[in-house]
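S.K.: Below is the file query.txt, with compact mmCIF, C-alpha atoms and all ligand atoms.
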```txt
# COMPACT_ATOMS: atom_id res chain seq x y z
CA MET A 1 -91.36 -83.05 -28.78
CA LYS A 2 -90.91 -84.83 -25.50
CA ASP A 3 -87.80 -86.49 -26.85
CA ILE A 4 -86.20 -83.17 -27.63
CA LEU A 5 -87.03 -81.82 -24.21
CA ASP A 6 -85.59 -84.91 -22.62
CA LEU A 7 -82.48 -84.48 -24.67
CA LEU A 8 -82.07 -80.89 -23.50
CA GLN A 9 -82.67 -81.74 -19.87
CA ILE A 10 -79.20 -82.89 -19.18
CA GLY A 11 -78.99 -83.36 -15.50
CA GLY A 12 -82.71 -83.88 -15.47
CA GLN A 13 -84.70 -81.28 -13.48
CA GLN A 14 -84.61 -78.02 -15.56
CA ASP A 15 -87.83 -76.41 -16.77
CA ILE A 16 -88.71 -75.42 -20.35
CA LEU A 17 -87.66 -71.80 -19.96
CA SER A 18 -84.07 -72.50 -19.02
CA SER A 19 -83.85 -75.04 -21.83
CA LEU A 20 -84.95 -72.40 -24.28
CA ILE A 21 -82.34 -69.99 -22.95
CA SER A 22 -79.59 -72.55 -23.37
CA LEU A 23 -80.85 -73.19 -26.91
CA ILE A 24 -80.68 -69.49 -27.77
CA TRP A 25 -77.20 -69.28 -26.31
CA LEU A 26 -76.13 -72.22 -28.36
CA MET A 27 -77.54 -70.68 -31.54
CA LEU A 28 -75.87 -67.35 -30.86
CA LEU A 29 -72.57 -69.05 -30.28
CA MET A 30 -72.97 -71.09 -33.46
CA SER A 31 -73.88 -68.02 -35.49
CA PHE A 32 -70.61 -66.36 -34.47
CA PHE A 33 -68.73 -69.49 -35.52
CA LEU A 34 -70.56 -70.13 -38.76
CA TYR A 35 -70.95 -66.48 -39.78
CA PRO A 36 -67.70 -64.65 -38.95
CA GLY A 37 -68.88 -61.37 -40.52
CA LEU A 38 -71.48 -60.91 -37.81
CA SER A 39 -69.20 -59.56 -35.10
CA GLN A 40 -67.76 -57.14 -37.64
CA LYS A 41 -71.25 -56.03 -38.64
CA ILE A 42 -72.13 -55.33 -35.02
CA GLN A 43 -68.87 -53.41 -34.56
CA LEU A 44 -69.52 -51.43 -37.76
CA SER A 45 -72.98 -50.40 -36.67
CA TYR A 46 -71.60 -49.31 -33.29
CA MET A 47 -68.85 -47.26 -34.97
CA LEU A 48 -71.29 -45.71 -37.41
CA ARG A 49 -73.53 -44.64 -34.53
CA ASP A 50 -70.57 -43.05 -32.75
CA LEU A 51 -69.49 -41.28 -35.94
CA GLU A 52 -73.03 -40.10 -36.58
CA ARG A 53 -73.18 -38.52 -33.14
CA LYS A 54 -69.94 -36.64 -33.77
CA LEU A 55 -71.09 -35.65 -37.25
CA ASN A 56 -74.21 -34.13 -35.71
CA ARG A 57 -72.05 -32.12 -33.35
CA LEU A 58 -69.94 -30.96 -36.28
CA LYS A 59 -73.09 -29.92 -38.10
CA ALA A 60 -74.18 -27.92 -35.05
CA ILE A 61 -70.80 -26.16 -34.96
CA ASP A 62 -70.95 -25.51 -38.72
CA ASP A 63 -74.47 -24.05 -38.42
CA ASP A 64 -73.50 -21.94 -35.43
CA VAL A 65 -70.47 -20.44 -37.16
CA LYS A 66 -72.43 -19.89 -40.37
CA ASP A 67 -75.30 -18.16 -38.53
CA ARG A 68 -72.95 -15.84 -36.68
CA THR A 69 -71.07 -15.06 -39.86
CA ILE A 70 -74.30 -14.22 -41.68
CA LYS A 71 -75.47 -12.00 -38.81
CA THR A 72 -72.14 -10.19 -38.68
CA LEU A 73 -71.97 -9.69 -42.46
CA GLN A 74 -75.57 -8.45 -42.45
CA THR A 75 -74.70 -5.55 -40.15
CA TYR A 76 -72.35 -4.23 -42.85
CA ALA A 77 -74.39 -5.19 -45.91
CA PRO A 78 -76.99 -3.07 -47.67
CA PRO A 79 -80.50 -4.56 -47.27
CA GLU A 80 -80.84 -5.53 -50.96
CA ILE A 81 -78.00 -8.06 -50.72
CA ASP A 82 -78.89 -11.68 -49.99
CA VAL A 83 -76.05 -12.34 -47.54
CA LYS A 84 -76.91 -16.01 -47.00
CA ASN A 85 -76.77 -16.79 -50.69
CA GLU A 86 -73.54 -14.84 -51.22
CA LEU A 87 -71.91 -16.55 -48.26
CA GLU A 88 -72.87 -20.00 -49.54
CA LYS A 89 -71.03 -19.19 -52.76
CA LEU A 90 -67.90 -18.21 -50.84
CA LEU A 91 -68.06 -21.30 -48.63
CA ASP A 92 -68.09 -23.56 -51.66
CA SER A 93 -65.26 -21.79 -53.48
CA PHE A 94 -62.01 -23.67 -53.97
CA ILE A 95 -58.34 -23.27 -54.83
CA ILE A 96 -56.40 -25.57 -57.16
CA SER A 97 -52.73 -25.92 -56.31
CA PRO A 98 -50.28 -25.63 -59.23
CA GLU A 99 -49.08 -28.65 -61.21
CA SER A 100 -45.94 -30.10 -59.65
CA MET A 101 -44.90 -32.51 -62.42
CA ASP A 102 -42.30 -29.93 -63.40
CA PRO A 103 -41.48 -28.26 -60.06
CA TYR A 104 -39.36 -25.46 -61.54
CA GLY A 105 -40.79 -22.11 -60.43
CA ILE A 106 -43.64 -23.71 -58.55
CA VAL A 107 -43.28 -21.41 -55.52
CA TYR A 108 -44.05 -18.32 -57.56
CA LYS A 109 -46.92 -20.08 -59.30
CA LEU A 110 -48.32 -21.01 -55.90
CA GLU A 111 -47.80 -17.46 -54.69
CA HIS A 112 -49.65 -16.12 -57.71
CA ILE A 113 -52.59 -18.46 -57.15
CA VAL A 114 -52.75 -17.76 -53.42
CA ASN A 115 -52.55 -14.00 -53.96
CA THR A 116 -55.29 -14.15 -56.59
CA TRP A 117 -57.39 -16.20 -54.21
CA GLU A 118 -56.88 -13.79 -51.29
CA ASP A 119 -57.58 -10.74 -53.44
CA ARG A 120 -60.73 -12.27 -54.90
CA PHE A 121 -61.97 -13.41 -51.53
CA GLU A 122 -61.50 -9.93 -50.14
CA GLU A 123 -63.17 -8.32 -53.17
CA ASP A 124 -66.17 -10.61 -52.70
CA VAL A 125 -66.43 -9.66 -49.03
CA VAL A 126 -66.22 -5.97 -49.98
CA LYS A 127 -69.04 -6.56 -52.46
CA ILE A 128 -71.25 -7.94 -49.67
CA CYS A 129 -70.18 -5.61 -46.86
CA LYS A 130 -70.31 -2.26 -48.60
CA LYS A 131 -70.66 -0.42 -45.28
CA ALA A 132 -67.49 -1.85 -43.70
CA ASP A 133 -64.29 0.21 -43.61
CA ASN A 134 -60.93 -1.08 -44.85
CA ILE A 135 -59.81 -2.46 -41.50
CA ARG A 136 -63.12 -4.17 -40.84
CA VAL A 137 -63.11 -5.80 -44.29
CA LYS A 138 -59.84 -7.59 -43.49
CA THR A 139 -61.26 -9.06 -40.30
CA LEU A 140 -64.53 -10.02 -41.99
CA THR A 141 -62.56 -11.80 -44.73
CA ASN A 142 -60.84 -13.81 -42.00
CA LEU A 143 -64.21 -14.60 -40.50
CA VAL A 144 -65.51 -15.95 -43.81
CA GLU A 145 -62.33 -18.03 -44.17
CA VAL A 146 -62.96 -19.53 -40.73
CA ALA A 147 -66.56 -20.33 -41.69
CA ARG A 148 -65.27 -21.93 -44.86
CA GLY A 149 -62.78 -24.00 -42.85
CA VAL A 150 -65.47 -25.34 -40.51
CA HIS A 151 -67.75 -26.07 -43.43
CA PHE A 152 -65.01 -28.02 -45.15
CA ILE A 153 -64.34 -30.11 -42.02
CA TYR A 154 -68.04 -30.98 -41.83
CA ARG A 155 -68.21 -31.90 -45.52
CA PHE A 156 -65.05 -34.00 -45.23
CA VAL A 157 -66.29 -36.06 -42.28
CA ARG A 158 -69.75 -36.43 -43.81
CA HIS A 159 -68.17 -37.77 -46.99
CA TYR A 160 -66.29 -40.54 -45.16
CA TYR A 161 -69.30 -41.33 -42.96
CA LEU A 162 -71.67 -41.74 -45.93
CA LEU A 163 -69.12 -43.56 -48.07
CA GLY A 164 -68.28 -45.96 -45.25
CA LYS A 165 -71.94 -46.55 -44.51
CA ARG A 166 -72.91 -47.14 -48.13
CA THR A 167 -70.06 -49.56 -48.81
CA SER A 168 -70.05 -51.06 -45.27
CA ASN A 169 -66.32 -50.50 -45.27
CA ILE A 170 -65.16 -50.89 -41.69
CA TYR A 171 -61.59 -49.86 -42.51
CA LEU A 172 -62.72 -46.54 -43.98
CA ILE A 173 -64.86 -45.85 -40.93
CA LEU A 174 -62.04 -46.91 -38.63
CA GLN A 175 -59.65 -44.38 -40.19
CA ILE A 176 -61.99 -41.41 -39.89
CA GLN A 177 -63.04 -42.51 -36.39
CA MET A 178 -59.43 -42.52 -35.25
CA LEU A 179 -59.01 -38.94 -36.46
CA MET A 180 -62.24 -37.69 -34.89
CA PRO A 181 -60.87 -36.48 -31.52
CA GLN A 182 -58.40 -34.13 -33.25
CA ILE A 183 -60.98 -33.10 -35.84
CA MET A 184 -63.48 -32.20 -33.10
CA GLU A 185 -60.82 -30.19 -31.29
CA ILE A 186 -59.96 -28.23 -34.42
CA ALA A 187 -63.64 -27.63 -35.21
CA ASN A 188 -64.18 -26.27 -31.70
CA ALA A 189 -61.12 -24.06 -32.07
CA TYR A 190 -62.51 -22.70 -35.35
CA ARG A 191 -65.76 -21.92 -33.59
CA GLN A 192 -63.91 -19.87 -30.98
CA ALA A 193 -61.81 -18.28 -33.70
CA SER A 194 -65.00 -17.03 -35.35
CA TYR A 195 -65.88 -15.19 -32.12
CA ALA A 196 -62.45 -13.55 -32.06
CA PHE A 197 -62.82 -12.35 -35.67
CA ILE A 198 -66.39 -11.16 -35.16
CA HIS A 199 -65.20 -8.85 -32.38
CA GLY A 200 -61.70 -8.13 -33.72
CA GLN A 201 -59.86 -9.62 -30.73
CA PRO A 202 -56.16 -10.54 -30.95
CA ILE A 203 -55.49 -14.26 -31.38
CA GLY A 204 -52.53 -16.37 -30.27
CA ASP A 205 -51.05 -16.34 -33.77
CA GLY A 206 -50.65 -12.56 -33.47
CA ILE A 207 -47.85 -12.79 -30.90
CA GLY A 208 -45.15 -12.16 -33.53
CA VAL A 209 -46.91 -8.99 -34.65
CA LEU A 210 -47.56 -7.94 -31.04
CA SER A 211 -43.87 -8.34 -30.12
CA VAL A 212 -42.77 -6.15 -33.02
CA ALA A 213 -45.47 -3.59 -32.23
CA ARG A 214 -44.26 -3.45 -28.62
CA LEU A 215 -40.68 -3.04 -29.81
CA ALA A 216 -41.67 -0.14 -32.06
CA TYR A 217 -43.94 1.56 -29.54
CA GLY A 218 -42.79 4.93 -28.26
CA ARG A 219 -39.71 5.10 -30.48
CA GLU A 220 -39.02 7.70 -33.13
CA LYS A 221 -39.44 6.03 -36.51
CA LYS A 222 -40.44 6.19 -40.15
CA THR A 223 -43.42 4.01 -41.07
CA TYR A 224 -44.47 3.04 -44.60
CA GLU A 225 -46.23 0.26 -46.52
CA ILE A 226 -43.67 -2.13 -48.02
CA ALA A 227 -46.03 -4.71 -49.58
CA LYS A 228 -49.79 -5.31 -49.61
CA ASP A 229 -51.10 -5.18 -46.01
CA THR A 230 -47.51 -5.12 -44.78
CA ILE A 231 -45.75 -2.22 -43.08
CA ALA A 232 -42.17 -1.40 -42.22
CA HIS A 233 -40.87 0.76 -39.36
CA GLU A 234 -37.38 2.22 -39.68
CA LEU A 235 -35.72 3.21 -36.44
CA ASP A 236 -32.41 3.57 -34.70
CA PHE A 237 -31.47 1.07 -32.03
CA GLU A 238 -28.19 1.68 -30.21
CA GLY A 239 -26.46 2.82 -33.37
CA ARG A 240 -27.90 0.01 -35.54
CA ARG A 241 -30.47 0.61 -38.21
CA LEU A 242 -33.45 -1.50 -37.26
CA ILE A 243 -36.17 -2.25 -39.83
CA LEU A 244 -39.27 -3.89 -38.43
CA VAL A 245 -41.70 -5.71 -40.75
CA ARG A 246 -45.23 -6.73 -39.74
CA ALA A 247 -48.77 -7.13 -41.07
CA SER A 248 -50.68 -3.88 -40.82
CA GLY A 249 -53.42 -3.90 -38.20
CA PRO A 250 -55.77 -3.73 -36.44
CA GLY A 251 -57.63 -5.56 -39.22
CA GLY A 252 -57.02 -9.28 -39.50
CA THR A 253 -54.33 -9.99 -42.08
CA VAL A 254 -51.00 -11.79 -42.27
CA GLY A 255 -49.67 -9.46 -44.95
CA ARG A 256 -46.80 -10.43 -47.27
CA PRO A 257 -43.73 -10.47 -45.03
CA GLY A 258 -41.65 -12.43 -47.54
CA GLU A 259 -42.09 -9.80 -50.20
CA GLY A 260 -41.51 -7.06 -47.62
CA VAL A 261 -38.21 -8.45 -46.34
CA GLN A 262 -37.03 -9.16 -49.88
CA LYS A 263 -37.70 -5.57 -50.97
CA ILE A 264 -35.86 -4.17 -47.96
CA VAL A 265 -32.79 -6.38 -48.49
CA GLU A 266 -32.70 -5.42 -52.17
CA ALA A 267 -32.91 -1.72 -51.29
CA GLU A 268 -30.34 -1.90 -48.46
CA GLY A 269 -27.82 -3.92 -50.41
CA ASP A 270 -25.10 -5.53 -48.31
CA LYS A 271 -25.81 -3.47 -45.21
CA VAL A 272 -28.29 -6.04 -43.83
CA LYS A 273 -26.27 -8.17 -41.42
CA LEU A 274 -29.05 -10.17 -39.77
CA ILE A 275 -32.67 -11.17 -40.39
CA ILE A 276 -34.73 -12.23 -37.37
CA THR A 277 -38.20 -13.75 -37.78
CA ILE A 278 -40.59 -14.06 -34.84
CA ASP A 279 -43.58 -16.37 -35.06
CA ALA A 280 -45.88 -18.60 -33.04
CA GLY A 281 -44.83 -22.23 -33.35
CA LEU A 282 -46.70 -25.43 -32.67
CA LYS A 283 -45.73 -26.82 -29.27
CA LEU A 284 -45.54 -30.50 -28.56
CA GLU A 285 -48.09 -31.96 -26.17
CA GLY A 286 -46.94 -31.45 -22.58
CA GLU A 287 -44.92 -28.34 -23.33
CA GLU A 288 -45.66 -25.01 -21.73
CA SER A 289 -47.57 -22.39 -23.75
CA GLY A 290 -45.85 -19.07 -24.23
CA LYS A 291 -42.35 -20.51 -23.93
CA VAL A 292 -39.88 -18.52 -26.04
CA VAL A 293 -37.23 -20.51 -27.91
CA GLU A 294 -34.49 -19.50 -30.31
CA GLY A 295 -33.12 -21.17 -33.39
CA VAL A 296 -31.95 -20.53 -36.91
CA GLY A 297 -33.89 -20.42 -40.17
CA VAL A 298 -37.06 -18.61 -41.16
CA ALA A 299 -39.99 -18.92 -38.75
CA ILE A 300 -43.03 -18.56 -41.02
CA GLY A 301 -45.85 -21.02 -41.50
CA GLY A 302 -48.55 -20.95 -44.15
CA THR A 303 -48.01 -21.80 -47.79
CA GLY A 304 -44.21 -21.58 -47.62
CA VAL A 305 -43.99 -18.77 -50.16
CA ASP A 306 -42.86 -16.11 -47.68
CA LYS A 307 -40.36 -18.49 -46.15
CA TYR A 308 -38.94 -19.27 -49.59
CA ARG A 309 -38.58 -15.61 -50.54
CA ILE A 310 -36.61 -14.78 -47.38
CA GLU A 311 -34.40 -17.86 -47.70
CA GLU A 312 -33.64 -17.02 -51.33
CA ILE A 313 -32.56 -13.45 -50.68
CA ALA A 314 -30.66 -14.38 -47.49
CA LYS A 315 -28.72 -17.07 -49.34
CA ALA A 316 -27.90 -14.71 -52.19
CA LYS A 317 -26.57 -12.09 -49.78
CA GLY A 318 -25.13 -14.51 -47.21
CA THR A 319 -27.23 -13.00 -44.43
CA PRO A 320 -27.66 -15.11 -41.28
CA LEU A 321 -31.24 -16.10 -40.45
CA TYR A 322 -32.29 -16.19 -36.79
CA ALA A 323 -35.69 -17.33 -35.58
CA ILE A 324 -37.60 -16.80 -32.35
CA VAL A 325 -40.60 -19.03 -31.78
CA ILE A 326 -43.34 -18.75 -29.17
CA TYR A 327 -44.86 -22.14 -28.34
CA GLU A 328 -48.64 -22.53 -28.66
CA SER A 329 -51.14 -25.28 -29.41
CA ILE A 330 -53.14 -25.23 -32.63
CA THR A 331 -56.21 -24.17 -30.63
CA GLU A 332 -54.35 -21.36 -28.87
CA ALA A 333 -53.07 -20.05 -32.19
CA ILE A 334 -56.53 -19.28 -33.57
CA THR A 335 -58.48 -18.42 -30.41
CA PRO A 336 -58.32 -15.18 -28.32
CA MET A 337 -54.83 -14.66 -26.92
CA ARG A 338 -54.08 -16.14 -23.50
CA GLU A 339 -52.14 -14.31 -20.83
CA ALA A 340 -49.19 -16.73 -20.95
CA ILE A 341 -48.75 -15.96 -24.65
CA ALA A 342 -49.31 -12.19 -24.35
CA LYS A 343 -46.69 -12.03 -21.59
CA ALA A 344 -44.17 -13.77 -23.88
CA ALA A 345 -43.87 -10.54 -25.92
CA ASP A 346 -41.62 -8.99 -23.25
CA LYS A 347 -39.30 -12.00 -23.29
CA VAL A 348 -39.18 -11.89 -27.09
CA ILE A 349 -38.21 -8.21 -27.08
CA GLU A 350 -35.41 -8.88 -24.57
CA LYS A 351 -34.07 -11.68 -26.76
CA VAL A 352 -34.23 -9.55 -29.90
CA LYS A 353 -32.37 -6.67 -28.24
CA GLN A 354 -29.74 -9.00 -26.83
CA THR A 355 -29.21 -10.74 -30.18
CA ILE A 356 -28.86 -7.44 -32.02
CA THR A 357 -26.31 -5.97 -29.61
CA GLU A 358 -24.32 -9.22 -29.53
CA LYS A 359 -24.34 -10.17 -33.20
CA VAL A 360 -24.55 -6.92 -35.15
CA GLU A 361 -22.00 -4.12 -35.17
CA SER A 362 -23.26 -0.57 -34.92
CA GLY A 363 -23.78 1.09 -38.29
CA SER A 364 -25.24 -2.11 -39.81
CA THR A 365 -28.86 -2.90 -40.60
CA VAL A 366 -31.03 -5.57 -38.96
CA ILE A 367 -34.44 -6.73 -40.17
CA VAL A 368 -36.89 -8.04 -37.58
CA ALA A 369 -40.08 -9.52 -39.01
CA GLY A 370 -43.03 -10.22 -36.71
CA ILE A 371 -45.07 -12.92 -38.40
CA GLY A 372 -48.73 -13.68 -37.76
CA ASN A 373 -52.27 -12.37 -37.93
CA SER A 374 -52.62 -8.71 -36.95
CA VAL A 375 -56.26 -8.87 -35.84
CA GLY A 376 -56.81 -6.50 -32.91
CA ILE A 377 -53.25 -5.17 -32.91
CA GLY A 378 -52.94 -1.51 -33.93
CA ILE A 379 -50.03 0.24 -35.61
CA THR A 380 -47.74 1.90 -33.11
CA MET B 1 -81.17 -32.07 -31.16
CA PHE B 2 -77.68 -32.52 -29.81
CA SER B 3 -76.19 -29.77 -27.74
CA TYR B 4 -72.47 -29.28 -28.26
CA LYS B 5 -72.19 -26.64 -25.54
CA SER B 6 -70.38 -28.53 -22.83
CA ARG B 7 -68.73 -26.63 -19.98
CA SER B 8 -65.32 -26.49 -21.60
CA ASP B 9 -66.77 -25.21 -24.86
CA ARG B 10 -68.02 -21.99 -23.34
CA ILE B 11 -66.40 -18.91 -24.77
CA ILE B 12 -64.33 -16.75 -22.39
CA GLU B 13 -64.35 -13.06 -23.25
CA PRO B 14 -60.88 -11.55 -23.04
CA LEU B 15 -60.16 -8.49 -20.87
CA THR B 16 -58.87 -5.19 -22.18
CA HIS B 17 -55.91 -3.86 -20.21
CA LEU B 18 -55.42 -0.10 -20.17
CA THR B 19 -52.50 2.03 -19.04
CA CYS B 20 -52.90 5.67 -18.07
CA SER B 21 -50.82 8.00 -20.25
CA ASN B 22 -50.34 10.31 -17.28
CA CYS B 23 -49.55 8.15 -14.24
CA ASN B 24 -48.98 4.70 -15.79
CA THR B 25 -51.65 3.07 -13.65
CA GLU B 26 -52.87 -0.19 -15.16
CA ASN B 27 -56.40 -1.48 -14.97
CA SER B 28 -58.61 -3.86 -16.89
CA ARG B 29 -62.22 -4.12 -17.98
CA PRO B 30 -64.26 -6.47 -20.22
CA PHE B 31 -63.50 -6.21 -23.93
CA LYS B 32 -65.63 -3.68 -25.80
CA GLU B 33 -66.41 -3.61 -29.51
CA GLY B 34 -63.81 -1.50 -31.33
CA ASP B 35 -60.98 -2.12 -28.86
CA TYR B 36 -57.56 -2.98 -30.22
CA VAL B 37 -54.06 -3.05 -28.76
CA PHE B 38 -52.29 0.37 -28.86
CA LYS B 39 -55.56 2.26 -29.33
CA GLU B 40 -55.80 5.51 -27.40
CA VAL B 41 -59.15 5.78 -25.70
CA ASP B 42 -60.88 8.60 -23.84
CA GLU B 43 -61.51 6.76 -20.62
CA LYS B 44 -61.03 8.10 -17.15
CA CYS B 45 -58.07 6.85 -15.14
CA PRO B 46 -59.34 5.45 -11.81
CA LYS B 47 -56.33 6.91 -9.97
CA CYS B 48 -55.47 10.36 -11.33
CA GLY B 49 -58.60 11.16 -13.34
CA SER B 50 -56.75 11.77 -16.61
CA VAL B 51 -58.95 10.96 -19.63
CA LYS B 52 -56.22 9.58 -21.90
CA MET B 53 -55.57 5.86 -21.64
CA LEU B 54 -53.79 3.44 -23.92
CA ILE B 55 -54.88 -0.16 -24.52
CA THR B 56 -51.76 -2.20 -23.80
CA GLY B 57 -53.18 -5.68 -24.01
CA ILE B 58 -56.26 -7.74 -24.86
CA TYR B 59 -56.06 -11.28 -23.54
CA ILE B 60 -57.70 -13.95 -21.42
CA GLU B 61 -56.25 -13.89 -17.90
CA MET B 62 -55.16 -17.11 -16.22
CA ARG B 63 -57.57 -16.20 -13.41
CA GLN B 64 -60.50 -16.33 -15.87
CA GLU B 65 -59.46 -19.77 -17.11
CA LYS B 66 -59.18 -21.07 -13.53
CA GLU B 67 -62.65 -19.75 -12.72
CA ARG B 68 -64.09 -21.67 -15.65
CA GLN B 69 -62.49 -24.92 -14.59
CA GLU B 70 -63.96 -24.71 -11.10
ZN ZN C 1 -53.71 8.02 -14.32
```
Let's see the structure in the file written out as structure tokens.
Ligand SMILES: [Zn+2]
M.R.:
Amino acid sequence: MKDILDLLQIGGQQDILSSLISLIWLMLLMSFFLYPGLSQKIQLSYMLRDLERKLNRLKAIDDDVKDRTIKTLQTYAPPEIDVKNELEKLLDSFIISPESMDPYGIVYKLEHIVNTWEDRFEEDVVKICKKADNIRVKTLTNLVEVARGVHFIYRFVRHYYLLGKRTSNIYLILQIQMLMPQIMEIANAYRQASYAFIHGQPIGDGIGVLSVARLAYGREKKTYEIAKDTIAHELDFEGRRLILVRASGPGGTVGRPGEGVQKIVEAEGDKVKLIITIDAGLKLEGEESGKVVEGVGVAIGGTGVDKYRIEEIAKAKGTPLYAIVIYESITEAITPMREAIAKAADKVIEKVKQTITEKVESGSTVIVAGIGNSVGIGIT
Amino acid sequence: MFSYKSRSDRIIEPLTHLTCSNCNTENSRPFKEGDYVFKEVDEKCPKCGSVKMLITGIYIEMRQEKERQE
């Protein structure tokens, strides 16, 4: 024993404690050299802890949205209905996209599946909320879709967390951890979106609909339903026939603008000289919200079905396609509308009027489609 | 458990902006259940006393966002 201590006392006068400390240091250093997986194990456990914390926050958001959804649905449901149970069923429902091995006709297959899904979802909400009117049902359906979205995000992250933990796969954990900041932002946005749908407040995505509603307001016109949840206004604008297409409000719906525009072009024949679509578009980081930009093409997001329909008919008839986009972030698009975005409607209307007078001769027809969710925006 | 309600997470209630159908005066108030843009409401105009007002906008004002940041 004394020999060992002597050996450790290089330089002579150290006590036992400091010798022990140097020994521990030496062993730690050696363990990192001889056992390279150790540093990775420490890193993994640190990453797992971080992910677990975020997962807990996601769970809290999921529970919060679910609770609010249940409470809101309960106010419209008869007492004999077990809202919680019914909602769970809706949250777990799924949609299977069509087989793309043979892509011919896939857009219409997708449209069919999406329409079936939307109809069924709405029917299920009607079944729960028997006391809600037609307009309210649309908004409640949106609310359930938001709750489903949040629930999916939570399940998705939990899956990667548990899988990574079980298999100690640092690369799996690393990938989900890198995505977490954006995922948390989207989950928070969904939470705020649920508030907007509970109260029926307009959201940023509704700017296209709002612009068209403003344009139609106070003018003499003929209004009719052109497709499910989609209305058309026919009016005269400086000698041009102006047909406005939008989702019917003030319930939350995006309608079927593609089908609407297609029907109008088919009915009008070759008189349609221009199709303008107005929609909220994703801005790049650092860009100003509510900025109005112009371009060509069809400005419609979502599944792509509406976009396809308009492109098809426009190509067949040789009609030019103009697009007006209002810049927003993903959060702004699904949360209550901000002033900068609401104020953009006036600029959009100016641009639409200017484009029509410049590009279309009087006596011709122009279609202007305001794309987006109509929650909180009434029919003018 | 964990609280996710940080300052920036707090929900801001949008304001309802109304325009008088008689004198075009604009004013705003907190959002009320049942409000929607282009709804005609029986509320008294603060200027001329007319009871027909139109909701012309429901949105979060920049002023409200600034207040939250402070
Ligand atoms: Zn007045």
S.K.: Residues within 7 Å of ligand ZN 1 (chain C) should be enumerated using all atoms listed in the file and returned as a PyMOL selection string.
M.R.: chain B and resi 20-25+45-50
S.K.: With C-alpha atoms retained, could you export that selection as a CSV table (one decimal), in the coordinates of the input?
M.R.:
```
chain,number,residue,atom,x,y,z
B,20,CYS,CA,-52.9,5.7,-18.1
B,21,SER,CA,-50.8,8.0,-20.2
B,22,ASN,CA,-50.3,10.3,-17.3
B,23,CYS,CA,-49.6,8.2,-14.2
B,24,ASN,CA,-49.0,4.7,-15.8
B,25,THR,CA,-51.6,3.1,-13.6
B,45,CYS,CA,-58.1,6.8,-15.1
B,46,PRO,CA,-59.3,5.4,-11.8
B,47,LYS,CA,-56.3,6.9,-10.0
B,48,CYS,CA,-55.5,10.4,-11.3
B,49,GLY,CA,-58.6,11.2,-13.3
B,50,SER,CA,-56.8,11.8,-16.6
```
S.K.: I'd like a table as a tab-separated table: residues in chain B with an atom no more than 7 Å from chain A, each row giving the shortest atom pair and its distance in Å to one decimal, only C-alpha atoms counted, sorted by chain and rising residue number.
M.R.:
```
residue	atom	partner	partner_atom	distance
B:Phe2	CA	A:Arg57	CA	6.7
B:Tyr4	CA	A:Arg57	CA	5.8
B:Ile11	CA	A:Gln192	CA	6.8
B:Pro14	CA	A:Pro336	CA	6.9
B:Glu33	CA	A:His199	CA	6.1
B:Tyr36	CA	A:Gly376	CA	4.5
B:Val37	CA	A:Ile377	CA	4.7
B:Phe38	CA	A:Gly378	CA	5.4
B:Lys39	CA	A:Gly378	CA	6.5
B:Ile58	CA	A:Pro202	CA	6.7
B:Tyr59	CA	A:Met337	CA	4.9
B:Ile60	CA	A:Arg338	CA	4.7
B:Glu61	CA	A:Glu339	CA	5.1
B:Met62	CA	A:Glu339	CA	6.2
```
S.K.: Excluding Phe121 in chain A and residues on its chain fewer than 4 positions from it, collect all residues at most 8 Å away from it, counting only C-alpha atoms, and give them as number ranges by chain.
M.R.: A: 90, 117, 125, 141
S.K.: Return the single residue from A:Ala193, A:Ala216, A:Val146, A:Val368 that is closest to Ile12 in chain B, with distances computed using only C-alpha atoms.
M.R.: A:Ala193
S.K.: What's around Asn27 in chain B at 7 Å? Count all atoms listed in the file, leave out sequence neighbours fewer than 6 positions away in its own chain, and write the answer as a VMD selection string.
M.R.: chain B and resid 17 to 19
S.K.: Please provide the set of residues having any atom within 8 Å of Val212 in chain A, restricted to only C-alpha atoms, with same-chain residues fewer than 5 positions apart removed, written as a PyMOL selection string.
M.R.: chain A and resi 244-246+349+368-370
S.K.: Provide the CA of Gln262 in chain A to CA of Arg120 in chain A distance in Å, to one decimal place.
M.R.: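 Between these atoms lies a distance of 24.4 Å.
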S.K.: For Glu220 in chain A, find every residue with an atom within 9 Å (counting all atoms listed in the file), except residues of its own chain fewer than 4 positions away, and show them as a ChimeraX atom specification.
M.R.: /A:216,234-236
S.K.: Work out how far apart CA of Gly290 in chain A and CA of Ala314 in chain A are and give it in Å to one decimal.
M.R.: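 Calculated distance between CA of Gly290 in chain A and CA of Ala314 in chain A is 28.2 Å.
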